[in-house]
Every structure is written in C-alpha cells, then in structure tokens.
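A.B. asks: Supplied in structure tokens, the structure appears directly below.
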Protein chains: 2
Amino acid sequence: MSADPASREEASLGPLAIIAGAGDLPRLVAEEVRNTGRSLFVIAVDGEADADFSAFPTARLPIGAAGRLKALLVERNCRDVLMAGSFRRPRFSDIEWDMSAVKAALLPAIMRLKRGGDDKVVNGVVQIFESEGFRIVGPADVVPRLVAPTGTLGRVKPGRKARADIDYGFQAIRQMGPLDIGQAVIVLDGRVIAVEAAEGTNAMVARCSDLRREGRISVPPPSGVLIKSAKPGQELRLDMPVAGVETIRVAKDAGLEGIAVEAGRVLVPRIDDVRRAADEAGLFFVGIDTGSGSSRRP
Amino acid sequence: MSADPASREEASLGPLAIIAGAGDLPRLVAEEVRNTGRSLFVIAVDGEADADFSAFPTARLPIGAAGRLKALLVERNCRDVLMAGSFRRPRFSDIEWDMSAVKAALLPAIMRLKRGGDDKVVNGVVQIFESEGFRIVGPADVVPRLVAPTGTLGRVKPGRKARADIDYGFQAIRQMGPLDIGQAVIVLDGRVIAVEAAEGTNAMVARCSDLRREGRISVPPPSGVLIKSAKPGQELRLDMPVAGVETIRVAKDAGLEGIAVEAGRVLVPRIDDVRRAADEAGLFFVGIDTGSGSSRRP
C-alpha cells in the first residue's frame, strides 16, 4: 500500500482530523478513511458523538473549545479537517467559548453563527477553520465511494408517474434553495405534500403516516416519492445530505413508493446494505444526475 | 331593512347558497350573512359538514352529486354560491359522479381536479360552477368584516426582531407560491423552521413543540412567529386561509411569540374573541398589509 503513489501523496497530507457528531456516519467515514491507508484522529464532540471510536485515536472536546481544538490539531499535525455526523444547534449562551488560542479576529465569524439559517452557520464554521490555516475537506473528497451514484440501486425501478414526481421534486427544491429550506420534499401525484425545514428528513417522512390517517392523502400506499438533494450553494464539505438504510425504513413505514437522491451530492453510506434494504422493502432508490452533481463546491 | 337600497340590491341577487365543509366556519358565515339581511340556503356536504345548521334551511348532499346540486340550486333560485369550511381530498374512485344533469363538457374540468395541487383543484371547481351559470363568491365578498384588518389585535405588539422575522416569512411565502405550498411558515431568528404543505397550519405549528424537545430550536419560548398568508394567485373566493382562536391556542402551546396574517387576504372569524384570546395568551396577533391585500381576485 505504501508503494502506491496516491497513498504516498495522501500520507504527505498528514493525518485527517474527523470531528464527530451524532450517529453512525463519523465511524463509518473513519473506517473508510483508514481503508484508503491514510492515518486519522477523531475528535468526538461531547454530548453529540455517540458511536464507538475505540478503534481509532480519539479525543473528546466540548463544543466551543476552539482553543483546545486548535492546539490538538497542531499537536497531531492535522491540517485537513472533516466534520461528520449531526450537530444540534447549541444555545449560544451554553457554549463556553474557549478563546485563549483563538484570535479575536474570529469573533465576527462566530457571531455570524448566532443568527441565520444552516447555510450561514456552516459558512461561518468553514471560515473559522480556514482563517486558522486548516483545510475543511468533505467525505466525498476523501472517500468518493460514499457518494450516491447515478441510476437505480436494487431491483425496483420508478415508473412513469414516479419519474414525473421526481422531476417536480428537484424543481421544488431548487426553487426553495435561497430560503435555506427544502433539503428534502415528498411529492405525490404532482403535488408537494411535505417540505423539510428544521425537523429533519426522517421526521418529515414520518409525517406522511399522519397525512394518510387524516385523509389528507387520498392515494393508497405505496405512493409518494421522497426526493432528497443538496440545496443550491450548499457547502457539501461540511453539510452533505445523507440517505441510507434508515431512510428506507422510515419511507417504507410511511407507505412511500421510493426515494430519489441527487447523484454526486448526497452521501449514501453502506451502499450494499442500502441496495439490499431497498429490495427487501420493495422500494426504489435512485440517484438522479441533476446537472449540478459534478461541482461539489459551488 | 328592506328600505335600505343595499339590502334591496342584495335581495335581488337571490338567496346565497353556502356549500358547507367541516368546521365552524360555514355556520359562522351563515350567521353573518343572515345578519346582512340576505336569505341563504345551506348545502351540507356528507361526511364533511359537522356544524349544527338547524337554524337555516339546509339540504345534505354527498360530494360529487353534481346533478342533484345543480337541480337544488336552480330550484332554490340561488345564483351565488359560497363554499366554506374544509374539505378533505376525496379519493376520486370513491366519488359517485352524478352526471345526469351535468354536461359532458365538464368532464375535462373534473379530470383536472384529479391531478395536481390545491390551486388546480380550486380553479377546476370554480370553472365547473361558472360554466353552469353560477357565480362563486367568497366570504370576503359577502361579509367583509370576516377579513383580517391591518394592525395589531389586542395589547401585545411584535418587537423589532419579530418584525424582521415577519418580513422574512412573507418573503418566503412569496418565493414558494408557485409550488402551491407554504400557506404558512414559522420563522425564528431569521430562519424558516417549519413550512406548511399538506399537513395544515395547526399540525405544522404543533411540530414546533417536537423541535424544541429534540433540541432543534435553541431559543427558549416564547419565540418564533407564525406567518400565514394567501399564496400568490390563490383563489380567495374558494380557498381563503383562516386564522383564529384555535390558531392562537396551538401557537401558545408550541411556545410561539405571535402570529402575523396577511391583512385583507386571511379570514379571522369572531375577531373580538381573537383579540381576547391573544391577550390571554400573551401573544401578538397582527395583520400586515403586504401590498397585494386589495386585489382579492388576482
């Protein structure tokens, strides 16, 4: 492995720092990064990171410990930083900003985190790291095989009506992009029946069961397509949408017909499990090339 | 009363037919119409209308009984038709289309009801009635005092941040209008945290309690503003948004700070009760002139 030129080049980048939030994804990314031969160091965020990182060199830090984080990254010789997993929006008053080693020049960027939508928060985080000389990389940069390919995974394919609903869903997401909402929608029979804002994709999908029970959806299941996409201008290094086995499970429970994700711009962890889960659930799972797939950093 | 020229003019319009769906609104409209001196006739839709209409001449009809409905309207000399209350989207296969007295020419309009969003359905309904020589009127046409006035109802006024959130919410609604979604949104600290699609305003508002419990809203209650508006191009005669005492109750439960509605384009039934409920809940309830308020039929 060390004779491979690509690996030598990666090695010269130094270890990858993975800042881990909640969920399985950070560990999965760590495993995949290790498989590429690159060394890594996990920073598990207190109160968020909940996977088992015992197989990797790991430190735990509270959110906001900017000074300690910087010292740790410098000590470990990490220039590249990857954030994975989900992070709740903390109350800013609850964060103990450890500013000892962080320049006062960062304050404007930190204050920018305080107001505004996810996009603003994410861009603020990127700015903070880059102004300190670190480089934010995305899962797609270090493990391209985590990203949704174009085409159907598994045996079930979307029919003509579902394909029309998929097109309309991607249109709707594009239209809502400037509002920093609509990372996912559900379309049924040419109609958007659910829009994701702060609740997260799974909660939005689960809502469809309520809609059916209340008679607000008149078409019997399986019907309705979940469309999930990056927003226009979304910072994919820090904030890439994810769809996987759990998404299939909630979609099946909600009586949906299938799932369409934007190829190249949505993470699909454990793709073989996803294929199998789609087949078992009888749902389609399709990656759609929307034309913006190649530019991961708009 | 009969000496009043306006009343004589109204009398010459013949009785108003009120097609009643679910909820209190149809009866309220009927009461208000009777107060204006105009006679009326209620058609309560089976499985939907659930208020007590015993104080008014009333017939019950199943949905889709187009032929019987037409005969009834002709027999009662009703040219003006008002639809009030909520109607679930029926399964089209469940409707027994009683076509005996309805021209085959209506079929395209009926078929148009079958696919597409609320706007398309509503425009299809208008077309069906108008092609049969009836005139669809809205609650705002016959009882203007049901419509949200400009300004604050009650004692609590929105502060500077809430006013900024209100502006942003109306912008977001405008942006989503072409998608036939977003009749209401919730904005908190410059961020859209919930968008209404098929679930209805109250369900969307109730979702905020979940968001708080899950730590997805970091600002403590009361915070967040419900913004409710007509969509651009919305057919206000058939499908006017409603906000009232019940809206205040769910908003209070969800820890919101207040409610802003589009003046002139949202129904606010029992406005004195609304004022009192807002004061009791400690919420603001404000009508905002968005500039599109005067043209009720875009």
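Within each chain, counting starts at residue 1; across the structure tokens, chains are named A, B, ... in the order shown, with ligands numbered 1 upward in that order.
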Do a least-squares overlay of chain A on chain B, C-alpha atoms all paired in order, then report the RMSD in Å.
C.D. replies: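 Across all paired C-alpha atoms, the RMSD is 0.1 Å.
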A.B. asks: With only C-alpha atoms considered, list every residue of chain B at most 9 Å from chain A, as a ChimeraX atom specification.
C.D. replies: /B:88-92,115-118,172,175-176,178-182,188-199,207-208,210-211,214-220
A.B. asks: Go ahead and compute the interatomic distance for CA of Gly138 (chain A) and CA of Glu235 (chain A), in Å to one decimal.
C.D. replies: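 We find that CA of Gly138 (chain A) and CA of Glu235 (chain A) lie 9.2 Å from each other.
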A.B. asks: Using backbone DSSP assignments, extract all strand (DSSP E) residues from region 8-227 of chain B; output them as a VMD selection string.
C.D. replies: chain B and resid 16 to 20 40 to 45 58 to 61 80 to 84 135 to 136 151 to 152 184 to 188 191 to 195 225 to 227
A.B. asks: Interatomic distance between CA of Leu256 (chain B) and CA of Ala184 (chain B)?
C.D. replies: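 CA of Ala184 (chain B) lies 13.9 Å from CA of Leu256 (chain B).
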A.B. asks: Residues near Gly151 (chain A), anyone? I mean within 7 Å using only C-alpha atoms, not counting same-chain ones fewer than 3 positions away, as a list in words.
C.D. replies: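 Counting only C-alpha atoms, the residues come to Val286, Gly287 and Ile288 of chain A.
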A.B. asks: Keeping only all heavy atoms, write the selected residues to a file as an mmCIF file, in the first residue's frame.
C.D. replies:
data_model
loop_
_atom_site.group_PDB
_atom_site.id
_atom_site.type_symbol
_atom_site.label_atom_id
_atom_site.label_comp_id
_atom_site.auth_asym_id
_atom_site.auth_seq_id
_atom_site.Cartn_x
_atom_site.Cartn_y
_atom_site.Cartn_z
ATOM 1 N N VAL A 286 -33.077 5.647 -6.178
ATOM 2 C CA VAL A 286 -32.447 6.033 -7.441
ATOM 3 C C VAL A 286 -31.632 7.311 -7.280
ATOM 4 O O VAL A 286 -32.044 8.240 -6.576
ATOM 5 C CB VAL A 286 -33.528 6.158 -8.560
ATOM 6 C CG1 VAL A 286 -34.557 7.218 -8.218
ATOM 7 C CG2 VAL A 286 -32.912 6.430 -9.912
ATOM 8 N N GLY A 287 -30.460 7.327 -7.892
ATOM 9 C CA GLY A 287 -29.632 8.527 -7.934
ATOM 10 C C GLY A 287 -29.868 9.254 -9.251
ATOM 11 O O GLY A 287 -29.797 8.655 -10.317
ATOM 12 N N ILE A 288 -30.168 10.548 -9.164
ATOM 13 C CA ILE A 288 -30.517 11.325 -10.357
ATOM 14 C C ILE A 288 -29.446 12.380 -10.600
ATOM 15 O O ILE A 288 -29.095 13.131 -9.687
ATOM 16 C CB ILE A 288 -31.878 12.036 -10.169
ATOM 17 C CG1 ILE A 288 -32.979 11.024 -9.839
ATOM 18 C CG2 ILE A 288 -32.234 12.873 -11.405
ATOM 19 C CD1 ILE A 288 -33.498 10.220 -10.986
#
A.B. asks: Could you list, as a PyMOL selection string, every residue within 12 Å of Glu75 (chain B), counting only C-alpha atoms and ignoring same-chain residues fewer than 3 positions away?
C.D. replies: chain B and resi 14-15+17+41+68-72+78-79
A.B. asks: Restrict the selected residues to N, CA, C and O atoms and save them as an mmCIF file, in the first residue's frame.
C.D. replies:
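Contents of out_34.cif, freshly written:
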data_model
loop_
_atom_site.group_PDB
_atom_site.id
_atom_site.type_symbol
_atom_site.label_atom_id
_atom_site.label_comp_id
_atom_site.auth_asym_id
_atom_site.auth_seq_id
_atom_site.Cartn_x
_atom_site.Cartn_y
_atom_site.Cartn_z
ATOM 1 N N GLY B 14 -80.882 37.217 -5.057
ATOM 2 C CA GLY B 14 -81.417 35.913 -4.693
ATOM 3 C C GLY B 14 -80.705 35.363 -3.485
ATOM 4 O O GLY B 14 -79.739 35.946 -2.993
ATOM 5 N N PRO B 15 -81.160 34.217 -3.002
ATOM 6 C CA PRO B 15 -80.542 33.636 -1.808
ATOM 7 C C PRO B 15 -79.109 33.197 -2.120
ATOM 8 O O PRO B 15 -78.805 32.824 -3.248
ATOM 9 N N ALA B 17 -76.266 30.482 -1.718
ATOM 10 C CA ALA B 17 -76.066 29.067 -1.377
ATOM 11 C C ALA B 17 -74.723 28.914 -0.685
ATOM 12 O O ALA B 17 -73.705 29.371 -1.207
ATOM 13 N N PHE B 41 -79.217 29.498 1.798
ATOM 14 C CA PHE B 41 -79.574 28.086 1.768
ATOM 15 C C PHE B 41 -78.282 27.298 1.932
ATOM 16 O O PHE B 41 -77.315 27.525 1.206
ATOM 17 N N ARG B 68 -77.595 16.592 -8.706
ATOM 18 C CA ARG B 68 -78.574 16.959 -7.677
ATOM 19 C C ARG B 68 -78.305 18.358 -7.137
ATOM 20 O O ARG B 68 -79.230 19.118 -6.858
ATOM 21 N N LEU B 69 -77.016 18.685 -7.011
ATOM 22 C CA LEU B 69 -76.651 20.022 -6.522
ATOM 23 C C LEU B 69 -77.180 21.088 -7.473
ATOM 24 O O LEU B 69 -77.797 22.070 -7.049
ATOM 25 N N LYS B 70 -76.962 20.867 -8.747
ATOM 26 C CA LYS B 70 -77.414 21.869 -9.718
ATOM 27 C C LYS B 70 -78.938 22.039 -9.657
ATOM 28 O O LYS B 70 -79.449 23.165 -9.633
ATOM 29 N N ALA B 71 -79.643 20.904 -9.600
ATOM 30 C CA ALA B 71 -81.106 20.967 -9.553
ATOM 31 C C ALA B 71 -81.579 21.748 -8.329
ATOM 32 O O ALA B 71 -82.503 22.574 -8.405
ATOM 33 N N LEU B 72 -80.918 21.483 -7.204
ATOM 34 C CA LEU B 72 -81.255 22.146 -5.949
ATOM 35 C C LEU B 72 -81.033 23.657 -6.039
ATOM 36 O O LEU B 72 -81.865 24.462 -5.603
ATOM 37 N N CYS B 78 -80.852 30.053 -6.378
ATOM 38 C CA CYS B 78 -79.541 30.527 -5.948
ATOM 39 C C CYS B 78 -78.626 30.660 -7.158
ATOM 40 O O CYS B 78 -78.333 29.676 -7.840
ATOM 41 N N ARG B 79 -78.157 31.878 -7.382
ATOM 42 C CA ARG B 79 -77.167 32.049 -8.434
ATOM 43 C C ARG B 79 -75.770 32.149 -7.815
ATOM 44 O O ARG B 79 -74.787 31.714 -8.379
#
A.B. asks: I need the alpha helix (DSSP H) residues of region 49-254 of chain B per DSSP on the backbone, written as a compact mmCIF listing (two decimals) with N, CA, C and O atoms, in the first residue's frame.
C.D. replies:
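Contents of the output file states33.txt:
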# COMPACT_ATOMS: atom_id res chain seq x y z
N ALA B 66 -73.13 16.23 -8.48
CA ALA B 66 -73.19 17.48 -9.23
C ALA B 66 -74.59 17.72 -9.80
O ALA B 66 -75.09 18.85 -9.80
N GLY B 67 -75.21 16.66 -10.26
CA GLY B 67 -76.53 16.81 -10.87
C GLY B 67 -77.56 17.27 -9.85
O GLY B 67 -78.30 18.23 -10.08
N ARG B 68 -77.60 16.59 -8.71
CA ARG B 68 -78.57 16.96 -7.68
C ARG B 68 -78.30 18.36 -7.14
O ARG B 68 -79.23 19.12 -6.86
N LEU B 69 -77.02 18.68 -7.01
CA LEU B 69 -76.65 20.02 -6.52
C LEU B 69 -77.18 21.09 -7.47
O LEU B 69 -77.80 22.07 -7.05
N LYS B 70 -76.96 20.87 -8.75
CA LYS B 70 -77.41 21.87 -9.72
C LYS B 70 -78.94 22.04 -9.66
O LYS B 70 -79.45 23.17 -9.63
N ALA B 71 -79.64 20.90 -9.60
CA ALA B 71 -81.11 20.97 -9.55
C ALA B 71 -81.58 21.75 -8.33
O ALA B 71 -82.50 22.57 -8.41
N LEU B 72 -80.92 21.48 -7.20
CA LEU B 72 -81.25 22.15 -5.95
C LEU B 72 -81.03 23.66 -6.04
O LEU B 72 -81.87 24.46 -5.60
N LEU B 73 -79.89 24.05 -6.61
CA LEU B 73 -79.57 25.48 -6.70
C LEU B 73 -80.58 26.18 -7.61
O LEU B 73 -81.01 27.30 -7.32
N VAL B 74 -80.96 25.53 -8.69
CA VAL B 74 -81.93 26.12 -9.62
C VAL B 74 -83.28 26.25 -8.94
O VAL B 74 -83.92 27.31 -8.96
N GLU B 75 -83.71 25.17 -8.28
CA GLU B 75 -85.00 25.15 -7.59
C GLU B 75 -85.08 26.25 -6.52
O GLU B 75 -86.11 26.89 -6.36
N LEU B 107 -66.45 17.32 -18.08
CA LEU B 107 -65.50 16.25 -17.77
C LEU B 107 -64.05 16.70 -17.72
O LEU B 107 -63.32 16.34 -16.79
N PRO B 108 -63.61 17.52 -18.71
CA PRO B 108 -62.20 17.94 -18.63
C PRO B 108 -61.89 18.68 -17.33
O PRO B 108 -60.86 18.43 -16.71
N ALA B 109 -62.80 19.54 -16.90
CA ALA B 109 -62.56 20.27 -15.65
C ALA B 109 -62.53 19.31 -14.47
O ALA B 109 -61.72 19.45 -13.55
N ILE B 110 -63.41 18.33 -14.48
CA ILE B 110 -63.42 17.35 -13.39
C ILE B 110 -62.13 16.54 -13.38
O ILE B 110 -61.53 16.31 -12.34
N MET B 111 -61.71 16.15 -14.58
CA MET B 111 -60.49 15.36 -14.64
C MET B 111 -59.29 16.18 -14.16
O MET B 111 -58.37 15.64 -13.57
N ARG B 112 -59.35 17.47 -14.41
CA ARG B 112 -58.26 18.33 -13.95
C ARG B 112 -58.18 18.33 -12.41
O ARG B 112 -57.13 18.55 -11.84
N LEU B 113 -59.31 18.09 -11.76
CA LEU B 113 -59.31 18.04 -10.30
C LEU B 113 -58.46 16.88 -9.80
O LEU B 113 -57.97 16.87 -8.68
N LYS B 114 -58.37 15.86 -10.66
CA LYS B 114 -57.82 14.59 -10.19
C LYS B 114 -56.33 14.66 -9.92
O LYS B 114 -55.81 14.04 -9.00
N ASP B 118 -53.58 21.97 -4.76
CA ASP B 118 -54.81 22.61 -4.34
C ASP B 118 -55.27 23.68 -5.32
O ASP B 118 -56.45 23.80 -5.61
N ASP B 119 -54.32 24.48 -5.81
CA ASP B 119 -54.69 25.58 -6.70
C ASP B 119 -55.43 25.05 -7.92
O ASP B 119 -56.44 25.62 -8.34
N LYS B 120 -54.92 23.96 -8.48
CA LYS B 120 -55.56 23.40 -9.67
C LYS B 120 -56.95 22.87 -9.34
O LYS B 120 -57.89 23.05 -10.10
N VAL B 121 -57.07 22.21 -8.21
CA VAL B 121 -58.38 21.68 -7.80
C VAL B 121 -59.38 22.83 -7.67
O VAL B 121 -60.50 22.79 -8.18
N VAL B 122 -58.93 23.88 -6.98
CA VAL B 122 -59.81 25.00 -6.70
C VAL B 122 -60.24 25.69 -8.00
O VAL B 122 -61.41 26.01 -8.19
N ASN B 123 -59.29 25.89 -8.89
CA ASN B 123 -59.65 26.52 -10.16
C ASN B 123 -60.61 25.64 -10.97
O ASN B 123 -61.49 26.15 -11.65
N GLY B 124 -60.43 24.33 -10.85
CA GLY B 124 -61.35 23.40 -11.52
C GLY B 124 -62.76 23.54 -10.99
O GLY B 124 -63.74 23.57 -11.75
N VAL B 125 -62.89 23.68 -9.66
CA VAL B 125 -64.21 23.81 -9.06
C VAL B 125 -64.89 25.10 -9.53
O VAL B 125 -66.06 25.12 -9.91
N VAL B 126 -64.14 26.20 -9.53
CA VAL B 126 -64.69 27.48 -9.99
C VAL B 126 -65.22 27.33 -11.42
O VAL B 126 -66.33 27.76 -11.74
N GLN B 127 -64.39 26.70 -12.25
CA GLN B 127 -64.76 26.53 -13.66
C GLN B 127 -66.04 25.74 -13.83
O GLN B 127 -66.89 26.06 -14.65
N ILE B 128 -66.17 24.68 -13.04
CA ILE B 128 -67.36 23.83 -13.14
C ILE B 128 -68.61 24.65 -12.82
O ILE B 128 -69.59 24.63 -13.57
N PHE B 129 -68.56 25.40 -11.72
CA PHE B 129 -69.74 26.19 -11.35
C PHE B 129 -70.02 27.27 -12.38
O PHE B 129 -71.16 27.48 -12.79
N GLU B 130 -68.98 27.97 -12.82
CA GLU B 130 -69.21 29.11 -13.71
C GLU B 130 -69.71 28.65 -15.07
O GLU B 130 -70.53 29.33 -15.70
N SER B 131 -69.25 27.49 -15.52
CA SER B 131 -69.72 27.02 -16.82
C SER B 131 -71.19 26.60 -16.75
O SER B 131 -71.86 26.47 -17.76
N PRO B 139 -66.27 34.50 1.16
CA PRO B 139 -66.74 35.08 2.43
C PRO B 139 -66.42 36.58 2.49
O PRO B 139 -67.21 37.37 3.00
N ALA B 140 -65.25 36.97 1.94
CA ALA B 140 -64.86 38.37 2.00
C ALA B 140 -65.80 39.25 1.16
O ALA B 140 -65.96 40.43 1.44
N ASP B 141 -66.41 38.66 0.12
CA ASP B 141 -67.34 39.43 -0.72
C ASP B 141 -68.65 39.71 0.02
O ASP B 141 -69.21 40.80 -0.11
N VAL B 142 -69.14 38.72 0.74
CA VAL B 142 -70.45 38.89 1.36
C VAL B 142 -70.36 39.40 2.80
O VAL B 142 -71.29 40.05 3.29
N ARG B 160 -38.86 44.37 17.53
CA ARG B 160 -38.06 44.62 16.34
C ARG B 160 -37.66 43.30 15.65
O ARG B 160 -37.79 43.15 14.46
N LYS B 161 -37.16 42.33 16.43
CA LYS B 161 -36.74 41.06 15.86
C LYS B 161 -37.93 40.30 15.26
O LYS B 161 -37.83 39.73 14.18
N ALA B 162 -39.04 40.33 15.98
CA ALA B 162 -40.23 39.64 15.47
C ALA B 162 -40.69 40.27 14.16
O ALA B 162 -41.10 39.57 13.23
N ARG B 163 -40.57 41.61 14.07
CA ARG B 163 -41.00 42.27 12.82
C ARG B 163 -40.10 41.86 11.66
O ARG B 163 -40.57 41.67 10.54
N ALA B 164 -38.80 41.71 11.94
CA ALA B 164 -37.89 41.24 10.88
C ALA B 164 -38.25 39.81 10.46
O ALA B 164 -38.24 39.47 9.27
N ASP B 165 -38.58 38.97 11.44
CA ASP B 165 -38.98 37.60 11.12
C ASP B 165 -40.27 37.57 10.30
O ASP B 165 -40.44 36.74 9.41
N ILE B 166 -41.18 38.49 10.63
CA ILE B 166 -42.45 38.56 9.88
C ILE B 166 -42.17 38.92 8.42
O ILE B 166 -42.69 38.28 7.50
N ASP B 167 -41.33 39.93 8.20
CA ASP B 167 -40.99 40.32 6.83
C ASP B 167 -40.40 39.14 6.07
O ASP B 167 -40.76 38.87 4.92
N TYR B 168 -39.47 38.45 6.72
CA TYR B 168 -38.81 37.33 6.06
C TYR B 168 -39.81 36.21 5.75
O TYR B 168 -39.77 35.60 4.69
N GLY B 169 -40.74 35.98 6.67
CA GLY B 169 -41.75 34.94 6.45
C GLY B 169 -42.62 35.23 5.24
O GLY B 169 -42.88 34.34 4.42
N PHE B 170 -43.04 36.49 5.09
CA PHE B 170 -43.85 36.83 3.91
C PHE B 170 -43.04 36.68 2.63
O PHE B 170 -43.55 36.24 1.60
N GLN B 171 -41.76 37.04 2.69
CA GLN B 171 -40.87 36.82 1.53
C GLN B 171 -40.80 35.34 1.16
O GLN B 171 -40.88 34.97 -0.01
N ALA B 172 -40.63 34.50 2.18
CA ALA B 172 -40.51 33.06 1.94
C ALA B 172 -41.78 32.52 1.32
O ALA B 172 -41.74 31.72 0.37
N ILE B 173 -42.92 32.97 1.81
CA ILE B 173 -44.19 32.50 1.27
C ILE B 173 -44.32 32.91 -0.20
O ILE B 173 -44.76 32.13 -1.04
N ARG B 174 -43.89 34.13 -0.51
CA ARG B 174 -43.95 34.60 -1.91
C ARG B 174 -43.09 33.69 -2.79
O ARG B 174 -43.49 33.30 -3.87
N GLN B 175 -41.90 33.38 -2.29
CA GLN B 175 -40.97 32.56 -3.06
C GLN B 175 -41.54 31.16 -3.34
O GLN B 175 -41.31 30.59 -4.40
N MET B 176 -42.28 30.62 -2.37
CA MET B 176 -42.80 29.26 -2.53
C MET B 176 -44.13 29.21 -3.26
O MET B 176 -44.59 28.12 -3.61
N THR B 201 -52.12 24.08 8.90
CA THR B 201 -51.38 25.01 9.75
C THR B 201 -51.21 24.50 11.18
O THR B 201 -50.13 24.56 11.75
N ASN B 202 -52.30 23.97 11.75
CA ASN B 202 -52.21 23.58 13.16
C ASN B 202 -51.19 22.47 13.39
O ASN B 202 -50.44 22.50 14.37
N ALA B 203 -51.15 21.49 12.47
CA ALA B 203 -50.18 20.40 12.62
C ALA B 203 -48.76 20.94 12.49
O ALA B 203 -47.85 20.51 13.19
N MET B 204 -48.57 21.90 11.58
CA MET B 204 -47.24 22.48 11.43
C MET B 204 -46.82 23.21 12.70
O MET B 204 -45.69 23.08 13.16
N VAL B 205 -47.74 23.97 13.28
CA VAL B 205 -47.41 24.70 14.49
C VAL B 205 -47.10 23.72 15.63
O VAL B 205 -46.11 23.89 16.36
N ALA B 206 -47.90 22.68 15.73
CA ALA B 206 -47.68 21.70 16.81
C ALA B 206 -46.29 21.07 16.70
O ALA B 206 -45.68 20.70 17.70
N ARG B 207 -45.78 20.97 15.46
CA ARG B 207 -44.45 20.39 15.24
C ARG B 207 -43.35 21.15 16.01
O ARG B 207 -42.33 20.57 16.35
N CYS B 208 -43.57 22.43 16.26
CA CYS B 208 -42.55 23.22 16.96
C CYS B 208 -42.27 22.68 18.35
O CYS B 208 -41.15 22.82 18.85
N SER B 209 -43.27 22.09 18.99
CA SER B 209 -43.02 21.50 20.31
C SER B 209 -42.02 20.36 20.17
O SER B 209 -41.13 20.21 21.01
N ASP B 210 -42.16 19.55 19.13
CA ASP B 210 -41.19 18.46 18.90
C ASP B 210 -39.80 19.04 18.65
O ASP B 210 -38.81 18.53 19.16
N LEU B 211 -39.74 20.10 17.83
CA LEU B 211 -38.44 20.69 17.51
C LEU B 211 -37.75 21.16 18.79
O LEU B 211 -36.55 21.00 18.95
N ARG B 212 -38.52 21.75 19.68
CA ARG B 212 -37.92 22.21 20.94
C ARG B 212 -37.44 21.03 21.77
O ARG B 212 -36.34 21.03 22.31
N ARG B 213 -38.28 20.01 21.89
CA ARG B 213 -37.93 18.85 22.71
C ARG B 213 -36.66 18.18 22.19
O ARG B 213 -35.84 17.68 22.95
N VAL B 245 -59.07 31.82 16.97
CA VAL B 245 -58.85 31.47 18.37
C VAL B 245 -58.07 30.15 18.48
O VAL B 245 -57.13 30.03 19.28
N GLU B 246 -58.44 29.19 17.66
CA GLU B 246 -57.76 27.89 17.71
C GLU B 246 -56.29 28.03 17.31
O GLU B 246 -55.41 27.38 17.87
N THR B 247 -56.03 28.90 16.33
CA THR B 247 -54.64 29.14 15.92
C THR B 247 -53.82 29.70 17.08
O THR B 247 -52.67 29.30 17.29
N ILE B 248 -54.43 30.61 17.82
CA ILE B 248 -53.74 31.18 18.98
C ILE B 248 -53.46 30.11 20.02
O ILE B 248 -52.37 30.04 20.59
N ARG B 249 -54.42 29.21 20.21
CA ARG B 249 -54.24 28.15 21.20
C ARG B 249 -53.04 27.26 20.83
O ARG B 249 -52.15 27.00 21.65
N VAL B 250 -52.98 26.79 19.58
CA VAL B 250 -51.87 25.90 19.20
C VAL B 250 -50.55 26.67 19.20
O VAL B 250 -49.51 26.11 19.55
N ALA B 251 -50.58 27.94 18.82
CA ALA B 251 -49.35 28.73 18.82
C ALA B 251 -48.81 28.90 20.25
O ALA B 251 -47.62 28.80 20.49
N LYS B 252 -49.72 29.14 21.18
CA LYS B 252 -49.34 29.26 22.59
C LYS B 252 -48.73 27.94 23.08
O LYS B 252 -47.67 27.91 23.71
N ASP B 253 -49.40 26.82 22.77
CA ASP B 253 -48.89 25.51 23.18
C ASP B 253 -47.50 25.23 22.62
O ASP B 253 -46.69 24.55 23.23
A.B. asks: Quote the spacing between CA of Ile43 (chain A) and CA of Ala22 (chain A) in Å to one decimal place.
C.D. replies: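 Pair CA of Ile43 (chain A) / CA of Ala22 (chain A) returns 12.0 Å.
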A.B. asks: Kindly indicate which residue among A:Val81, A:Ile19, A:Ala254, A:Val29 lies nearest to Glu48 (chain A), using only C-alpha atoms for the distances.
C.D. replies: A:Ile19
A.B. asks: Could you give me, as a compact mmCIF listing (two decimals) with C-alpha atoms, in the first residue's frame, the residues within 8 Å of Leu40 (chain A), counting only C-alpha atoms and dropping anything in the same chain fewer than 3 positions from it?
C.D. replies:
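Here's the written file result03.txt:
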# COMPACT_ATOMS: atom_id res chain seq x y z
CA PRO A 15 -3.43 12.65 9.40
CA LEU A 16 -7.06 13.54 8.76
CA ALA A 17 -8.90 15.03 11.73
CA ILE A 18 -12.50 13.81 11.95
CA ALA A 30 -13.25 6.81 9.83
CA VAL A 33 -10.57 6.63 5.51
CA ARG A 34 -8.45 4.00 7.25
CA PHE A 56 -9.19 4.98 16.45
CA PRO A 57 -7.03 7.51 18.23
A.B. asks: Please determine, counting only C-alpha atoms, which residue among B:Arg276, B:Arg60, B:Arg38, B:Lys228 has the shortest atom-to-atom distance to Gly21 (chain B).
C.D. replies: B:Arg60
